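Asker: One file is attached below, query05.cif, containing mmCIF, N, CA and C atoms.
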data_input
#
loop_
_atom_site.label_atom_id
_atom_site.label_comp_id
_atom_site.auth_asym_id
_atom_site.auth_seq_id
_atom_site.Cartn_x
_atom_site.Cartn_y
_atom_site.Cartn_z
N MET A 26 37.79 -2.01 -52.10
CA MET A 26 38.95 -1.75 -51.27
C MET A 26 38.59 -0.79 -50.13
N ARG A 27 37.78 0.18 -50.44
CA ARG A 27 37.39 1.16 -49.43
C ARG A 27 36.58 0.51 -48.31
N GLY A 28 35.70 -0.44 -48.64
CA GLY A 28 34.90 -1.14 -47.63
C GLY A 28 35.77 -1.96 -46.68
N ILE A 29 36.80 -2.60 -47.23
CA ILE A 29 37.71 -3.40 -46.40
C ILE A 29 38.47 -2.49 -45.44
N ARG A 30 38.92 -1.35 -45.94
CA ARG A 30 39.66 -0.42 -45.08
C ARG A 30 38.77 0.10 -43.95
N LYS A 31 37.52 0.37 -44.27
CA LYS A 31 36.58 0.84 -43.26
C LYS A 31 36.35 -0.23 -42.19
N LEU A 32 36.25 -1.48 -42.62
CA LEU A 32 36.07 -2.60 -41.69
C LEU A 32 37.27 -2.73 -40.77
N ILE A 33 38.47 -2.57 -41.31
CA ILE A 33 39.68 -2.65 -40.49
C ILE A 33 39.70 -1.53 -39.47
N LEU A 34 39.31 -0.32 -39.87
CA LEU A 34 39.27 0.80 -38.93
C LEU A 34 38.25 0.55 -37.82
N LEU A 35 37.09 0.00 -38.18
CA LEU A 35 36.09 -0.32 -37.18
C LEU A 35 36.61 -1.38 -36.22
N THR A 36 37.30 -2.39 -36.77
CA THR A 36 37.85 -3.45 -35.94
C THR A 36 38.89 -2.88 -34.97
N ASN A 37 39.74 -2.01 -35.46
CA ASN A 37 40.75 -1.41 -34.59
C ASN A 37 40.11 -0.58 -33.49
N ASP A 38 39.05 0.18 -33.83
CA ASP A 38 38.35 0.95 -32.80
C ASP A 38 37.74 0.03 -31.75
N TRP A 39 37.15 -1.08 -32.20
CA TRP A 39 36.53 -2.04 -31.29
C TRP A 39 37.57 -2.61 -30.33
N ARG A 40 38.74 -2.97 -30.89
CA ARG A 40 39.79 -3.53 -30.04
C ARG A 40 40.28 -2.51 -29.03
N SER A 41 40.46 -1.28 -29.44
CA SER A 41 40.96 -0.28 -28.50
C SER A 41 39.94 -0.03 -27.39
N ASN A 42 38.64 -0.10 -27.71
CA ASN A 42 37.63 0.07 -26.67
C ASN A 42 37.70 -1.08 -25.67
N ILE A 43 37.81 -2.31 -26.19
CA ILE A 43 37.89 -3.47 -25.30
C ILE A 43 39.16 -3.40 -24.46
N LEU A 44 40.29 -3.08 -25.10
CA LEU A 44 41.55 -3.00 -24.36
C LEU A 44 41.50 -1.88 -23.33
N GLY A 45 40.84 -0.80 -23.66
CA GLY A 45 40.70 0.29 -22.71
C GLY A 45 39.92 -0.16 -21.48
N CYS A 46 38.84 -0.90 -21.69
CA CYS A 46 38.05 -1.42 -20.57
C CYS A 46 38.85 -2.41 -19.76
N THR A 47 39.62 -3.26 -20.46
CA THR A 47 40.42 -4.25 -19.77
C THR A 47 41.47 -3.59 -18.89
N SER A 48 42.13 -2.57 -19.42
CA SER A 48 43.16 -1.91 -18.61
C SER A 48 42.53 -1.21 -17.41
N TYR A 49 41.32 -0.69 -17.56
CA TYR A 49 40.62 -0.07 -16.43
C TYR A 49 40.33 -1.11 -15.35
N ILE A 50 39.87 -2.29 -15.78
CA ILE A 50 39.57 -3.37 -14.83
C ILE A 50 40.84 -3.80 -14.10
N ILE A 51 41.93 -3.94 -14.83
CA ILE A 51 43.19 -4.35 -14.21
C ILE A 51 43.65 -3.29 -13.22
N GLU A 52 43.59 -2.02 -13.61
CA GLU A 52 44.00 -0.95 -12.69
C GLU A 52 43.12 -0.96 -11.45
N ARG A 53 41.83 -1.18 -11.62
CA ARG A 53 40.91 -1.17 -10.48
C ARG A 53 41.17 -2.36 -9.57
N SER A 54 41.51 -3.52 -10.13
CA SER A 54 41.74 -4.70 -9.31
C SER A 54 43.00 -4.57 -8.46
N VAL A 55 43.95 -3.78 -8.91
CA VAL A 55 45.17 -3.58 -8.13
C VAL A 55 44.84 -2.86 -6.82
N HIS A 56 43.81 -2.02 -6.85
CA HIS A 56 43.47 -1.23 -5.67
C HIS A 56 42.60 -1.98 -4.67
N LEU A 57 42.15 -3.18 -5.01
CA LEU A 57 41.37 -3.96 -4.05
C LEU A 57 42.28 -4.40 -2.90
N SER A 58 41.71 -4.50 -1.73
CA SER A 58 42.51 -4.94 -0.60
C SER A 58 42.85 -6.43 -0.76
N ILE A 59 43.90 -6.84 -0.12
CA ILE A 59 44.35 -8.23 -0.22
C ILE A 59 43.30 -9.17 0.36
N LEU A 60 42.63 -8.75 1.43
CA LEU A 60 41.59 -9.56 2.05
C LEU A 60 40.42 -9.75 1.08
N LYS A 61 40.03 -8.70 0.41
CA LYS A 61 38.93 -8.78 -0.55
C LYS A 61 39.31 -9.68 -1.72
N ARG A 62 40.54 -9.59 -2.19
CA ARG A 62 40.99 -10.41 -3.32
C ARG A 62 40.99 -11.89 -2.95
N TYR A 63 41.49 -12.22 -1.76
CA TYR A 63 41.50 -13.62 -1.33
C TYR A 63 40.09 -14.13 -1.06
N SER A 64 39.23 -13.27 -0.56
CA SER A 64 37.84 -13.67 -0.33
C SER A 64 37.15 -14.02 -1.65
N ILE A 65 37.35 -13.19 -2.65
CA ILE A 65 36.77 -13.47 -3.97
C ILE A 65 37.36 -14.75 -4.53
N PHE A 66 38.65 -14.97 -4.34
CA PHE A 66 39.31 -16.17 -4.83
C PHE A 66 38.73 -17.42 -4.17
N ILE A 67 38.51 -17.38 -2.86
CA ILE A 67 37.97 -18.54 -2.15
C ILE A 67 36.54 -18.82 -2.60
N ILE A 68 35.75 -17.77 -2.81
CA ILE A 68 34.40 -17.96 -3.33
C ILE A 68 34.45 -18.62 -4.71
N ALA A 69 35.39 -18.19 -5.54
CA ALA A 69 35.53 -18.78 -6.87
C ALA A 69 35.94 -20.25 -6.79
N ILE A 70 36.80 -20.59 -5.84
CA ILE A 70 37.20 -21.99 -5.65
C ILE A 70 36.00 -22.84 -5.25
N ILE A 71 35.17 -22.32 -4.37
CA ILE A 71 33.99 -23.06 -3.93
C ILE A 71 33.01 -23.25 -5.08
N ILE A 72 32.82 -22.22 -5.90
CA ILE A 72 31.93 -22.35 -7.06
C ILE A 72 32.49 -23.37 -8.05
N GLN A 73 33.79 -23.33 -8.26
CA GLN A 73 34.43 -24.28 -9.17
C GLN A 73 34.28 -25.72 -8.66
N SER A 74 34.45 -25.92 -7.37
CA SER A 74 34.31 -27.27 -6.83
C SER A 74 32.86 -27.75 -6.94
N SER A 75 31.93 -26.84 -6.81
CA SER A 75 30.52 -27.20 -7.01
C SER A 75 30.29 -27.64 -8.45
N GLY A 76 30.87 -26.94 -9.39
CA GLY A 76 30.74 -27.30 -10.79
C GLY A 76 31.35 -28.64 -11.12
N ILE A 77 32.52 -28.91 -10.55
CA ILE A 77 33.16 -30.21 -10.77
C ILE A 77 32.28 -31.33 -10.23
N SER A 78 31.74 -31.13 -9.04
CA SER A 78 30.87 -32.14 -8.44
C SER A 78 29.61 -32.35 -9.27
N LEU A 79 29.03 -31.26 -9.77
CA LEU A 79 27.83 -31.39 -10.60
C LEU A 79 28.10 -32.15 -11.89
N VAL A 80 29.21 -31.86 -12.51
CA VAL A 80 29.55 -32.53 -13.76
C VAL A 80 29.79 -34.02 -13.52
N VAL A 81 30.48 -34.35 -12.43
CA VAL A 81 30.73 -35.76 -12.12
C VAL A 81 29.42 -36.47 -11.78
N LYS A 82 28.60 -35.86 -10.96
CA LYS A 82 27.34 -36.50 -10.55
C LYS A 82 26.34 -36.62 -11.70
N SER A 83 26.40 -35.72 -12.66
CA SER A 83 25.47 -35.79 -13.79
C SER A 83 25.96 -36.73 -14.88
N MET A 84 27.11 -37.34 -14.66
CA MET A 84 27.70 -38.30 -15.60
C MET A 84 28.00 -37.67 -16.97
N LEU A 85 28.38 -36.41 -16.98
CA LEU A 85 28.75 -35.72 -18.21
C LEU A 85 30.23 -35.83 -18.51
N GLY A 86 30.98 -36.41 -17.60
CA GLY A 86 32.42 -36.52 -17.78
C GLY A 86 33.15 -35.58 -16.84
N THR A 87 34.45 -35.55 -16.95
CA THR A 87 35.25 -34.66 -16.09
C THR A 87 36.29 -33.95 -16.94
N SER A 88 36.87 -32.94 -16.35
CA SER A 88 37.97 -32.25 -17.02
C SER A 88 39.22 -33.12 -16.93
N PRO A 89 40.21 -32.86 -17.76
CA PRO A 89 41.44 -33.68 -17.70
C PRO A 89 42.11 -33.68 -16.33
N ILE A 90 42.10 -32.55 -15.64
CA ILE A 90 42.77 -32.49 -14.34
C ILE A 90 41.99 -33.25 -13.27
N SER A 91 40.68 -33.41 -13.46
CA SER A 91 39.86 -34.13 -12.48
C SER A 91 39.63 -35.59 -12.84
N SER A 92 39.97 -35.98 -14.04
CA SER A 92 39.67 -37.36 -14.46
C SER A 92 40.52 -38.38 -13.70
N PHE A 93 41.79 -38.09 -13.49
CA PHE A 93 42.65 -39.04 -12.79
C PHE A 93 42.20 -39.23 -11.34
N PRO A 94 41.94 -38.16 -10.58
CA PRO A 94 41.44 -38.38 -9.22
C PRO A 94 40.08 -39.08 -9.20
N TYR A 95 39.25 -38.80 -10.20
CA TYR A 95 37.93 -39.44 -10.24
C TYR A 95 38.05 -40.94 -10.45
N VAL A 96 38.90 -41.35 -11.37
CA VAL A 96 39.10 -42.79 -11.62
C VAL A 96 39.69 -43.46 -10.39
N LEU A 97 40.65 -42.80 -9.76
CA LEU A 97 41.23 -43.38 -8.54
C LEU A 97 40.19 -43.49 -7.43
N SER A 98 39.27 -42.51 -7.35
CA SER A 98 38.25 -42.57 -6.30
C SER A 98 37.26 -43.69 -6.55
N LEU A 99 37.12 -44.13 -7.79
CA LEU A 99 36.25 -45.27 -8.08
C LEU A 99 36.93 -46.60 -7.73
N ALA A 100 38.26 -46.62 -7.83
CA ALA A 100 38.99 -47.86 -7.61
C ALA A 100 39.45 -48.06 -6.16
N PHE A 101 39.58 -46.98 -5.40
CA PHE A 101 40.10 -47.07 -4.04
C PHE A 101 39.10 -46.45 -3.06
N PRO A 102 39.26 -46.72 -1.77
CA PRO A 102 38.27 -46.24 -0.79
C PRO A 102 38.42 -44.77 -0.37
N PHE A 103 39.11 -43.97 -1.16
CA PHE A 103 39.26 -42.55 -0.85
C PHE A 103 38.33 -41.74 -1.75
N SER A 104 37.99 -40.53 -1.31
CA SER A 104 37.04 -39.71 -2.05
C SER A 104 37.72 -38.93 -3.18
N LEU A 105 36.89 -38.34 -4.02
CA LEU A 105 37.39 -37.52 -5.12
C LEU A 105 38.18 -36.33 -4.57
N GLY A 106 37.70 -35.71 -3.52
CA GLY A 106 38.40 -34.58 -2.93
C GLY A 106 39.75 -34.98 -2.35
N GLN A 107 39.81 -36.13 -1.71
CA GLN A 107 41.08 -36.59 -1.14
C GLN A 107 42.11 -36.87 -2.22
N PHE A 108 41.68 -37.52 -3.29
CA PHE A 108 42.62 -37.77 -4.38
C PHE A 108 42.99 -36.49 -5.12
N THR A 109 42.06 -35.55 -5.23
CA THR A 109 42.38 -34.27 -5.85
C THR A 109 43.45 -33.55 -5.04
N PHE A 110 43.31 -33.57 -3.72
CA PHE A 110 44.32 -32.95 -2.87
C PHE A 110 45.67 -33.64 -3.04
N ALA A 111 45.68 -34.96 -3.01
CA ALA A 111 46.95 -35.70 -3.11
C ALA A 111 47.65 -35.42 -4.44
N ILE A 112 46.91 -35.44 -5.52
CA ILE A 112 47.53 -35.21 -6.84
C ILE A 112 48.00 -33.77 -6.98
N ASN A 113 47.23 -32.82 -6.46
CA ASN A 113 47.67 -31.43 -6.51
C ASN A 113 48.91 -31.21 -5.66
N MET A 114 49.04 -31.94 -4.56
CA MET A 114 50.24 -31.82 -3.74
C MET A 114 51.46 -32.39 -4.49
N LEU A 115 51.25 -33.45 -5.25
CA LEU A 115 52.34 -33.96 -6.10
C LEU A 115 52.75 -32.92 -7.14
N LEU A 116 51.78 -32.20 -7.68
CA LEU A 116 52.10 -31.15 -8.65
C LEU A 116 52.86 -29.99 -7.99
N VAL A 117 52.49 -29.64 -6.77
CA VAL A 117 53.22 -28.60 -6.04
C VAL A 117 54.65 -29.06 -5.75
N LEU A 118 54.80 -30.32 -5.37
CA LEU A 118 56.14 -30.88 -5.15
C LEU A 118 56.97 -30.80 -6.43
N GLY A 119 56.34 -31.10 -7.55
CA GLY A 119 57.03 -30.98 -8.84
C GLY A 119 57.46 -29.55 -9.11
N GLN A 120 56.62 -28.60 -8.76
CA GLN A 120 56.99 -27.19 -8.92
C GLN A 120 58.20 -26.85 -8.07
N VAL A 121 58.19 -27.31 -6.83
CA VAL A 121 59.30 -27.01 -5.92
C VAL A 121 60.60 -27.61 -6.47
N LEU A 122 60.52 -28.84 -6.96
CA LEU A 122 61.72 -29.50 -7.48
C LEU A 122 62.23 -28.84 -8.76
N LEU A 123 61.30 -28.40 -9.60
CA LEU A 123 61.73 -27.77 -10.86
C LEU A 123 62.23 -26.34 -10.65
N LEU A 124 61.55 -25.58 -9.82
CA LEU A 124 61.89 -24.17 -9.67
C LEU A 124 62.96 -23.91 -8.62
N ARG A 125 63.07 -24.79 -7.65
CA ARG A 125 64.03 -24.66 -6.55
C ARG A 125 64.02 -23.26 -5.94
N ARG A 126 65.03 -22.47 -6.16
CA ARG A 126 65.11 -21.14 -5.54
C ARG A 126 64.14 -20.13 -6.14
N ASP A 127 63.65 -20.39 -7.34
CA ASP A 127 62.70 -19.48 -7.96
C ASP A 127 61.27 -19.71 -7.47
N PHE A 128 61.07 -20.69 -6.62
CA PHE A 128 59.76 -20.97 -6.05
C PHE A 128 59.49 -19.93 -4.95
N ASP A 129 58.61 -18.98 -5.26
CA ASP A 129 58.31 -17.90 -4.32
C ASP A 129 57.55 -18.41 -3.10
N ARG A 130 57.73 -17.71 -2.00
CA ARG A 130 57.03 -18.10 -0.77
C ARG A 130 55.52 -18.02 -0.92
N VAL A 131 55.04 -17.09 -1.72
CA VAL A 131 53.59 -16.95 -1.89
C VAL A 131 52.98 -18.20 -2.54
N GLN A 132 53.78 -18.96 -3.25
CA GLN A 132 53.29 -20.18 -3.90
C GLN A 132 52.89 -21.24 -2.89
N TRP A 133 53.38 -21.14 -1.67
CA TRP A 133 52.99 -22.10 -0.64
C TRP A 133 51.51 -21.97 -0.29
N LEU A 134 50.90 -20.85 -0.67
CA LEU A 134 49.47 -20.67 -0.43
C LEU A 134 48.62 -21.64 -1.27
N GLN A 135 49.25 -22.31 -2.23
CA GLN A 135 48.53 -23.33 -2.99
C GLN A 135 48.03 -24.45 -2.08
N ILE A 136 48.77 -24.73 -1.02
CA ILE A 136 48.40 -25.85 -0.15
C ILE A 136 47.09 -25.59 0.60
N PRO A 137 46.93 -24.46 1.31
CA PRO A 137 45.62 -24.26 1.95
C PRO A 137 44.49 -24.07 0.95
N MET A 138 44.77 -23.47 -0.19
CA MET A 138 43.72 -23.31 -1.20
C MET A 138 43.29 -24.65 -1.77
N THR A 139 44.24 -25.56 -1.93
CA THR A 139 43.91 -26.90 -2.41
C THR A 139 43.12 -27.67 -1.36
N MET A 140 43.45 -27.42 -0.08
CA MET A 140 42.67 -28.07 0.99
C MET A 140 41.22 -27.61 0.95
N ILE A 141 41.00 -26.31 0.78
CA ILE A 141 39.64 -25.78 0.68
C ILE A 141 38.94 -26.37 -0.54
N PHE A 142 39.65 -26.40 -1.66
CA PHE A 142 39.10 -26.92 -2.91
C PHE A 142 38.70 -28.39 -2.76
N ALA A 143 39.57 -29.20 -2.20
CA ALA A 143 39.30 -30.64 -2.05
C ALA A 143 38.16 -30.88 -1.07
N TYR A 144 38.15 -30.14 0.02
CA TYR A 144 37.06 -30.29 1.00
C TYR A 144 35.73 -29.88 0.37
N ALA A 145 35.73 -28.79 -0.38
CA ALA A 145 34.49 -28.34 -1.03
C ALA A 145 34.01 -29.34 -2.06
N ILE A 146 34.92 -29.99 -2.77
CA ILE A 146 34.51 -31.03 -3.73
C ILE A 146 33.78 -32.14 -2.99
N ASP A 147 34.33 -32.60 -1.87
CA ASP A 147 33.68 -33.67 -1.10
C ASP A 147 32.33 -33.23 -0.54
N VAL A 148 32.26 -31.99 -0.07
CA VAL A 148 30.99 -31.49 0.47
C VAL A 148 29.93 -31.47 -0.63
N PHE A 149 30.29 -30.94 -1.80
CA PHE A 149 29.31 -30.87 -2.89
C PHE A 149 29.00 -32.23 -3.48
N MET A 150 29.95 -33.15 -3.45
CA MET A 150 29.63 -34.52 -3.90
C MET A 150 28.56 -35.12 -2.99
N ASP A 151 28.66 -34.86 -1.68
CA ASP A 151 27.63 -35.35 -0.74
C ASP A 151 26.30 -34.63 -0.95
N ILE A 152 26.35 -33.32 -1.17
CA ILE A 152 25.12 -32.55 -1.37
C ILE A 152 24.40 -33.02 -2.63
N TRP A 153 25.12 -33.17 -3.73
CA TRP A 153 24.47 -33.52 -4.99
C TRP A 153 24.06 -34.99 -5.04
N SER A 154 24.59 -35.82 -4.15
CA SER A 154 24.19 -37.25 -4.18
C SER A 154 22.89 -37.48 -3.42
N SER A 155 22.49 -36.55 -2.57
CA SER A 155 21.26 -36.77 -1.81
C SER A 155 20.05 -36.15 -2.48
#
Could you write out this structure as structure tokens?
Answerer:
Amino acid sequence: MRGIRKLILLTNDWRSNILGCTSYIIERSVHLSILKRYSIFIIAIIIQSSGISLVVKSMLGTSPISSFPYVLSLAFPFSLGQFTFAINMLLVLGQVLLLRRDFDRVQWLQIPMTMIFAYAIDVFMDIWSS
């Protein structure tokens, strides 16, 4: 019984250390400038689009959100990036219809971010195919 109690105490200490680090990271991220935060976000979008292109080109499969645009790009003369943009715009439209007045203005930033994402997918599809 004593060993189990000691393990629980160690586990609780471990969690508090992790949570302490997490709260420090969250507090620190609040102080980043908006320009820096969006720059990091755009870099992350470009890296993610590179990963999607690599997975598709290596024939390892796709994620559920990318599988529908990928299948459509095989059947129609539009690219994976173009179909990704179109489907994401349908999802944004669904958000607008469901949320109506609760749809914040900042959510409109999904459109330019999706444009960057879709364009980067097409660029990396071309890069990885050559």
Asker: With only C-alpha atoms as the atoms that count, which of A:Ser74, A:Thr139, A:Ser104, A:Ser98 lies nearest to Leu116 of chain A?
Answerer: A:Thr139
Asker: Pull out every residue that the PyMOL selection byres ((chain A and resi 105) around 8) matches in the shown coordinates and put them as a VMD selection string.
Answerer: chain A and resid 94 to 99 102 to 104 106 to 111 143 to 144 146 to 147
Asker: Record the distance separating atom CA of Gln135 of chain A and atom N of Met84 of chain A, expressed in Å with one decimal.
Answerer: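 Result for atom CA of Gln135 of chain A versus atom N of Met84 of chain A: 28.1 Å, one decimal.
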Asker: Please compute the atom CA of Ile90 of chain A-atom CA of Ile77 of chain A distance, one decimal, in Å.
Answerer: 10.5 Å
Asker: I'd like the interatomic distance between atom C of Asp129 of chain A and atom N of Val117 of chain A, to a tenth of an Å.
Answerer: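 Interatomic distance, atom C of Asp129 of chain A to atom N of Val117 of chain A: 12.9 Å.
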Asker: Report the residues retrieved by the PyMOL selection byres ((chain A and resi 63-72) around 8) from the displayed file, expressed as a ChimeraX atom specification.
Answerer: /A:57-62,73-78,138,141-143,145-146
Asker: Using 5 Å of padding on each side, determine the axis-aligned box around all atoms of segment 78-90 of chain A present in the file and give its centre and edge lengths in Å to one decimal, as JSON.
Answerer:
{"center_x": 34.1, "center_y": -34.7, "center_z": -13.5, "size_x": 27.3, "size_y": 17.2, "size_z": 20.1}
